[in-house]
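J.: Next up is a structure, given as structure tokens.
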Amino acid sequence: MRDVAVVGVGMQEWGELWGKSTRDIFVESALLAMDDAGVDQLGAMYVGSMSPGIFAAQEHLESVMADYLGQLPIPATRVESACASGGLAFRLAYVNVASGMHDVVLAGGIEKMTDVSGGEATHALSTAADMKWEGVSGVTFPGLYAMLAVAHMERYGTTREQLAMVSVKNHENGYSNSRAQFRMKITVDQVLDSVKVADPLNILDCSPITDGAAAAVLMPLEMAKKLGKPIIQVIGTGHATDTIALHDRADLTTLRAVTEAAKQAYAMAGKQPADIDLVEVHDCFTIAEIIVSESLGFFEPGKGGPAVEAGETARTGRIPINPSGGLKSKGHPVGATGVAQIVELVEQLRGQAGERQVKDARVGMAQNMGGSGGSSVVHILEVK
Amino acid sequence: MAVGIIGYGAHIPRRRIKVEEIAKVWGADAPSYKRGLELLQKSVPALDEDTITLSVEAARSALARAGIDPQEIGAVYVGSESHPYAVKPSGATVAEAIGATPDCHCADFEFACKAGSEGMFVSYGLVKAGLIKYGLAIGGDTSQGAPGDALEYSAAAGAAAFIMGADEERIVATVDETYSFMTDTPDFWRREHQFYPSHGGRFTGEPAYFRIVTGAVAGILKKAGMTPSDFQHVIFHQPNGKFPKRIGKRLGFTPEQIETGRVVPLLGNTYSGASPIGLTAVLDVAKPGDRILMCSYGSGAGSDAFVLTVRERILEVQDLAPKTRWLLDENIRFVEYGEYAKLRRKIRLASE
Amino acid sequence: MPPSRSWRSYPQTYRLEAARCKGCGKAYYPPRLICPGCKGREFEHFRMKPSGTIVSHTVIRTPSSEFSGLAPFAVGIVEMDDGPRLTLQLADVGFEEIKTGLPVRLEFRRMYSEGESGVIHYGHKAVLVRK
């Protein structure tokens, strides 16, 4: 296996992009990544996208994107693992380069979600749950995470306010991110007073419906060294699954796929939680960030809530979580999210994150999640 | 060979609406309605309840009391004027849900408010003829009354189920006599594709309900060689609180004989479920040896009458499923007209 | 949902049929072909008792399109007395009454239907055990 580096990243502004099509959105970000890497020809590409069939009435997305990115006839693959599609596309691009199959591989992610109604979008996202045995109850994704929240609050005393503080912190971070969908600072009271979605979660506990894409270009480390830029090496990757139905999990206060994927990535990288300088986690809902921060080993079980309250996860805290603004502020075009996390890590490790810059960032982690934790992908990147 | 009821059960939606709440919306005088109909409230089905769901729950209670293997049920009959499908039998879903398929005869009945007793009559006949071992008969409805119409105060939801059989050790009440009485009397009807029924106003009284029920009761008493004083309990069809009292008095029954099975004041008119639910309320408190007369009434119009005698076994099964008085008195929650209008689909939604 | 998709699972949705692994005794709803625990492939099918306990819960206020007419409605994870856990709607309940640990009973209910002309899908919802 070859060592692999990320040599280019790209991400356009996210939001409700009424004037842009699925392919416009993807190609813009992919071209930014290729320009950043200084390449105009790929050996292969992976496109993470959860549900273009429902959101954009378009399947066979890999060929669409290879065509419109001007890369025919390279091998292209669409990757689907619900909201972890982007993270998994990045992992497969890594495996491709590491294996020696291709030298220049693009990992991208795309979702254009706003062309369908809120009810249809909720339905499309619900298909990441167990449609047969959970879906029949009418439970939604906010509903599944709400049940995780109830379990965590009852077992550990995690408070409603601590959930809100995750959102407040991520909006604070995203305020400085020019590509974020919701660049506004909010207060705990605003979160508590916002519209109820699935008790105890309110609308300001939930990541939004977003149009957006992100892309990264990977290359063997030895080739990357010749580019004369900071070398960002992929030092750890992990990927794991869990029961598709939340109700089949014995413990509703932890996420096993996250723990397992992290274990693999830590072992491969030879790192511990204490070695990580910043982490982008999958805060699709505020409770997710708290549970994930525990499952990744940054806090003891039940201490994730108090840690947010104590400011330990702020950009200037002990372990900055989601300096990009996270899914909450930046937006959550589901297939793109996992790749956007990599974009943030690369910019942070290069020292190019501007106002969002985490001090002395040398090792970064990204954690992407599918569904209610039925899959998770974890990566660790280090600047060499 | 004795044939009779070996298991019974009722099911009633939890929600209720008071007469005052309906009267308020239409500017009607609630006290006069309450006096005139002898009705305090009625049951309201939720959006996820219909004749099939109420029937399944009632049937499960009947099975719990009968203690039989549902695979031995040879017939499933659901009587209703609010079958969820115009074409596709309610009974098939009920039979599937309780585990009676596939070795089973199944049909839906409709005869306004007497469709439930029709199922009882037919399943009793099949058991008596030796064609089936057990027969399940259900009367249930989620009936609709047009907004503002007199029927809106009474049209309610509920179901009752009875399993007929001939196992000596299982019979809780023998069926000793049956009699049916019917003529073409157009007192109440609903045409195909119509959401609400129509009725003949005061024509539903004397020439319809009172004439037919009188004929049925006279007929069965004559056939059985009995008089009103032979019975501990009598259950009439009960479209409102007043009709069963009036017909009972006219036929020579005492208020005490009528009261236990007159569940309508707290429940409303459950149509095909009305006299069957009344019978469950009686069986819940009946003592061995009690004689029961039940007489249904269905507009259009006809009555089915039954003479039953309660056996010792009743004491062993009464507590095996929810009792009807508990469903009437305890397991209730009141709703306002707005929620009622939503639940009964009286508000047109954008998605429809 | 096409009628064929709901029809083939009537044994589970109508009659709560589950499968118990003959190797390790763990019960599964719906039945499986291989036991994730002990990898056993022989199962004994049985009908679950319609009773259980609330493990977690929420109130859905922003439903997907199929359930739009029903919202707001409560949903819970219910651990059946026979072992398996199910995600179920909690029917006929005041939202403030719902608590983890409360016993429930499953009732046969309409799950949803495709408009006014489509097939009606039936199944089970949980109601609080009262009295």
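Convention: chains lettered A, B, ... in structure tokens order; per-chain residue numbering from 1; ligands numbered from 1 as shown.
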Using only C-alpha atoms, select each residue of chain B with any atom at most 7 Å away from an atom of chain C, and give the selection as a ChimeraX atom specification.

T.: /B:14,48-49,53,56-57,97-98,352

J.: Contacts of Asp81 (chain C) at 9 Å or less, counting only C-alpha atoms, minus same-chain residues fewer than 5 places along, as a PDB file with all heavy atoms, in the first residue's frame?

T.:
ATOM      1  N   MET C  48     -45.700 -12.979  19.163  1.00  0.00           N
ATOM      2  CA  MET C  48     -45.357 -12.238  20.376  1.00  0.00           C
ATOM      3  C   MET C  48     -46.620 -11.839  21.136  1.00  0.00           C
ATOM      4  O   MET C  48     -47.659 -11.574  20.546  1.00  0.00           O
ATOM      5  CB  MET C  48     -44.583 -10.967  20.020  1.00  0.00           C
ATOM      6  CG  MET C  48     -43.194 -11.215  19.457  1.00  0.00           C
ATOM      7  SD  MET C  48     -42.226  -9.687  19.368  1.00  0.00           S
ATOM      8  CE  MET C  48     -43.071  -8.808  18.046  1.00  0.00           C
ATOM      9  N   LYS C  49     -46.495 -11.780  22.446  1.00  0.00           N
ATOM     10  CA  LYS C  49     -47.567 -11.194  23.254  1.00  0.00           C
ATOM     11  C   LYS C  49     -47.611  -9.698  22.928  1.00  0.00           C
ATOM     12  O   LYS C  49     -46.555  -9.070  22.791  1.00  0.00           O
ATOM     13  CB  LYS C  49     -47.276 -11.376  24.751  1.00  0.00           C
ATOM     14  CG  LYS C  49     -47.357 -12.820  25.222  1.00  0.00           C
ATOM     15  CD  LYS C  49     -47.255 -12.921  26.741  1.00  0.00           C
ATOM     16  CE  LYS C  49     -45.868 -12.605  27.290  1.00  0.00           C
ATOM     17  NZ  LYS C  49     -44.857 -13.638  26.970  1.00  0.00           N
ATOM     18  N   PRO C  50     -48.793  -9.111  22.829  1.00  0.00           N
ATOM     19  CA  PRO C  50     -48.874  -7.708  22.393  1.00  0.00           C
ATOM     20  C   PRO C  50     -48.613  -6.719  23.517  1.00  0.00           C
ATOM     21  O   PRO C  50     -49.370  -5.780  23.719  1.00  0.00           O
ATOM     22  CB  PRO C  50     -50.315  -7.605  21.874  1.00  0.00           C
ATOM     23  CG  PRO C  50     -51.069  -8.572  22.718  1.00  0.00           C
ATOM     24  CD  PRO C  50     -50.124  -9.706  23.025  1.00  0.00           C
ATOM     25  N   SER C  51     -47.527  -6.929  24.247  1.00  0.00           N
ATOM     26  CA  SER C  51     -47.255  -6.050  25.389  1.00  0.00           C
ATOM     27  C   SER C  51     -45.771  -5.772  25.493  1.00  0.00           C
ATOM     28  O   SER C  51     -44.942  -6.590  25.096  1.00  0.00           O
ATOM     29  CB  SER C  51     -47.756  -6.719  26.673  1.00  0.00           C
ATOM     30  OG  SER C  51     -47.222  -8.022  26.778  1.00  0.00           O
ATOM     31  N   GLY C  52     -45.455  -4.592  26.018  1.00  0.00           N
ATOM     32  CA  GLY C  52     -44.061  -4.203  26.149  1.00  0.00           C
ATOM     33  C   GLY C  52     -43.895  -2.960  26.980  1.00  0.00           C
ATOM     34  O   GLY C  52     -44.825  -2.536  27.684  1.00  0.00           O
ATOM     35  N   THR C  53     -42.703  -2.335  26.869  1.00  0.00           N
ATOM     36  CA  THR C  53     -42.338  -1.194  27.700  1.00  0.00           C
ATOM     37  C   THR C  53     -41.657  -0.129  26.846  1.00  0.00           C
ATOM     38  O   THR C  53     -40.875  -0.467  25.961  1.00  0.00           O
ATOM     39  CB  THR C  53     -41.335  -1.654  28.792  1.00  0.00           C
ATOM     40  OG1 THR C  53     -41.903  -2.761  29.479  1.00  0.00           O
ATOM     41  CG2 THR C  53     -41.044  -0.550  29.775  1.00  0.00           C
TER      42      THR C  53
END

J.: Write out as a compact mmCIF listing (two decimals) with N, CA, C and O atoms, in the first residue's frame which residues come within 9 Å of Leu33 (chain C) when counting only C-alpha atoms, dropping same-chain ones fewer than 3 positions away.

T.:
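The result, written out as around.txt:
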# COMPACT_ATOMS: atom_id res chain seq x y z
N GLY C 40 -26.51 -19.04 14.11
CA GLY C 40 -27.42 -20.18 13.92
C GLY C 40 -28.40 -19.90 12.79
O GLY C 40 -28.72 -18.75 12.50
N ARG C 41 -28.86 -20.96 12.16
CA ARG C 41 -29.79 -20.78 11.03
C ARG C 41 -31.12 -21.48 11.25
O ARG C 41 -31.93 -21.57 10.35
N GLU C 42 -31.32 -21.99 12.44
CA GLU C 42 -32.61 -22.63 12.72
C GLU C 42 -33.39 -21.79 13.72
O GLU C 42 -32.85 -21.39 14.75
N PHE C 43 -34.62 -21.53 13.36
CA PHE C 43 -35.46 -20.65 14.18
C PHE C 43 -36.80 -21.29 14.45
O PHE C 43 -37.31 -22.06 13.63

J.: My list of candidates is A:Ile232, A:Val97, A:Ala215, A:Met34. Which is closest to Ile380 (chain A) when distances are computed with only C-alpha atoms?

T.: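 Checking each candidate against Ile380 (chain A), we get A:Ile232 as the closest.
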
J.: Run DSSP on the backbone and tell me which residues of region 179-257 of chain B come out as strand (DSSP E); list them as a ChimeraX atom specification.

T.: /B:179-185,188-189,198-199,233-236

J.: Deliver the residues from the most recent selection as a file, using all heavy atoms, as a compact mmCIF listing (two decimals), in the first residue's frame.

T.:
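Heads up, here's the output in out_0.txt:
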# COMPACT_ATOMS: atom_id res chain seq x y z
N TYR B 179 -85.22 -15.38 15.91
CA TYR B 179 -86.35 -14.98 15.06
C TYR B 179 -85.98 -13.69 14.33
O TYR B 179 -85.39 -12.78 14.93
CB TYR B 179 -87.59 -14.75 15.92
CG TYR B 179 -88.80 -14.33 15.10
CD1 TYR B 179 -89.44 -15.25 14.25
CD2 TYR B 179 -89.31 -13.05 15.18
CE1 TYR B 179 -90.54 -14.87 13.49
CE2 TYR B 179 -90.42 -12.66 14.44
CZ TYR B 179 -91.03 -13.57 13.59
OH TYR B 179 -92.11 -13.20 12.85
N SER B 180 -86.29 -13.63 13.05
CA SER B 180 -86.03 -12.41 12.27
C SER B 180 -87.33 -11.89 11.68
O SER B 180 -88.22 -12.67 11.33
CB SER B 180 -85.02 -12.68 11.15
OG SER B 180 -83.75 -12.95 11.71
N PHE B 181 -87.41 -10.57 11.57
CA PHE B 181 -88.63 -9.91 11.12
C PHE B 181 -88.19 -8.76 10.23
O PHE B 181 -87.38 -7.91 10.65
CB PHE B 181 -89.36 -9.37 12.35
CG PHE B 181 -90.71 -8.74 12.09
CD1 PHE B 181 -91.88 -9.47 12.22
CD2 PHE B 181 -90.81 -7.40 11.73
CE1 PHE B 181 -93.13 -8.87 12.01
CE2 PHE B 181 -92.04 -6.80 11.51
CZ PHE B 181 -93.20 -7.53 11.65
N MET B 182 -88.65 -8.70 8.96
CA MET B 182 -88.20 -7.61 8.09
C MET B 182 -89.21 -7.29 7.00
O MET B 182 -89.97 -8.15 6.57
CB MET B 182 -86.83 -7.91 7.49
CG MET B 182 -86.68 -9.16 6.66
SD MET B 182 -87.20 -8.97 4.93
CE MET B 182 -86.03 -7.76 4.35
N THR B 183 -89.22 -6.01 6.62
CA THR B 183 -90.01 -5.52 5.50
C THR B 183 -89.19 -4.45 4.79
O THR B 183 -88.19 -4.00 5.32
CB THR B 183 -91.33 -4.85 5.96
OG1 THR B 183 -90.99 -3.64 6.65
CG2 THR B 183 -92.13 -5.76 6.86
N ASP B 184 -89.60 -4.04 3.61
CA ASP B 184 -88.94 -2.90 2.95
C ASP B 184 -89.52 -1.61 3.51
O ASP B 184 -90.67 -1.26 3.22
CB ASP B 184 -89.14 -2.98 1.43
CG ASP B 184 -88.37 -1.87 0.70
OD1 ASP B 184 -88.04 -0.85 1.33
OD2 ASP B 184 -88.10 -2.04 -0.50
N THR B 185 -88.76 -0.95 4.36
CA THR B 185 -89.21 0.29 5.00
C THR B 185 -88.11 1.34 4.81
O THR B 185 -87.06 1.25 5.45
CB THR B 185 -89.45 0.07 6.51
OG1 THR B 185 -90.28 -1.09 6.67
CG2 THR B 185 -90.12 1.28 7.14
N PHE B 188 -84.10 5.08 6.32
CA PHE B 188 -82.71 5.56 6.44
C PHE B 188 -81.91 4.84 5.37
O PHE B 188 -82.08 3.65 5.16
CB PHE B 188 -82.22 5.20 7.85
CG PHE B 188 -80.75 5.40 8.11
CD1 PHE B 188 -80.31 6.51 8.82
CD2 PHE B 188 -79.81 4.46 7.69
CE1 PHE B 188 -78.95 6.67 9.10
CE2 PHE B 188 -78.47 4.63 7.96
CZ PHE B 188 -78.04 5.74 8.67
N TRP B 189 -81.05 5.57 4.68
CA TRP B 189 -80.29 4.96 3.59
C TRP B 189 -79.05 5.79 3.29
O TRP B 189 -78.92 6.94 3.72
CB TRP B 189 -81.16 4.87 2.32
CG TRP B 189 -81.59 6.24 1.84
CD1 TRP B 189 -80.96 7.04 0.96
CD2 TRP B 189 -82.74 6.96 2.28
NE1 TRP B 189 -81.63 8.22 0.80
CE2 TRP B 189 -82.73 8.20 1.61
CE3 TRP B 189 -83.78 6.69 3.19
CZ2 TRP B 189 -83.71 9.18 1.81
CZ3 TRP B 189 -84.76 7.66 3.38
CH2 TRP B 189 -84.72 8.89 2.69
N SER B 198 -78.84 9.55 4.58
CA SER B 198 -80.05 10.35 4.61
C SER B 198 -81.08 9.59 5.43
O SER B 198 -81.00 8.36 5.56
CB SER B 198 -80.59 10.57 3.19
OG SER B 198 -79.57 11.10 2.37
N HIS B 199 -82.07 10.31 5.97
CA HIS B 199 -83.09 9.61 6.75
C HIS B 199 -84.44 10.30 6.59
O HIS B 199 -84.54 11.44 6.14
CB HIS B 199 -82.69 9.53 8.22
CG HIS B 199 -82.41 10.86 8.86
ND1 HIS B 199 -83.42 11.67 9.34
CD2 HIS B 199 -81.25 11.53 9.06
CE1 HIS B 199 -82.87 12.77 9.84
NE2 HIS B 199 -81.57 12.71 9.67
N HIS B 233 -82.43 -9.72 31.51
CA HIS B 233 -81.90 -8.59 30.74
C HIS B 233 -82.50 -8.58 29.34
O HIS B 233 -82.70 -9.65 28.75
CB HIS B 233 -80.38 -8.69 30.57
CG HIS B 233 -79.63 -8.67 31.86
ND1 HIS B 233 -79.41 -7.52 32.59
CD2 HIS B 233 -79.04 -9.68 32.56
CE1 HIS B 233 -78.71 -7.82 33.67
NE2 HIS B 233 -78.48 -9.13 33.69
N VAL B 234 -82.75 -7.39 28.82
CA VAL B 234 -83.16 -7.26 27.43
C VAL B 234 -82.35 -6.13 26.79
O VAL B 234 -82.10 -5.09 27.41
CB VAL B 234 -84.68 -7.00 27.30
CG1 VAL B 234 -85.10 -5.74 28.06
CG2 VAL B 234 -85.09 -6.88 25.83
N ILE B 235 -81.88 -6.39 25.57
CA ILE B 235 -81.08 -5.39 24.85
C ILE B 235 -81.77 -5.10 23.53
O ILE B 235 -82.01 -6.00 22.72
CB ILE B 235 -79.65 -5.91 24.55
CG1 ILE B 235 -78.96 -6.33 25.84
CG2 ILE B 235 -78.85 -4.85 23.82
CD1 ILE B 235 -78.71 -7.81 25.92
N PHE B 236 -82.10 -3.83 23.34
CA PHE B 236 -82.68 -3.39 22.08
C PHE B 236 -81.65 -2.59 21.28
O PHE B 236 -80.70 -2.06 21.87
CB PHE B 236 -83.89 -2.47 22.33
CG PHE B 236 -85.03 -3.17 23.02
CD1 PHE B 236 -85.34 -2.86 24.33
CD2 PHE B 236 -85.77 -4.12 22.34
CE1 PHE B 236 -86.39 -3.49 24.97
CE2 PHE B 236 -86.82 -4.75 22.99
CZ PHE B 236 -87.13 -4.45 24.31
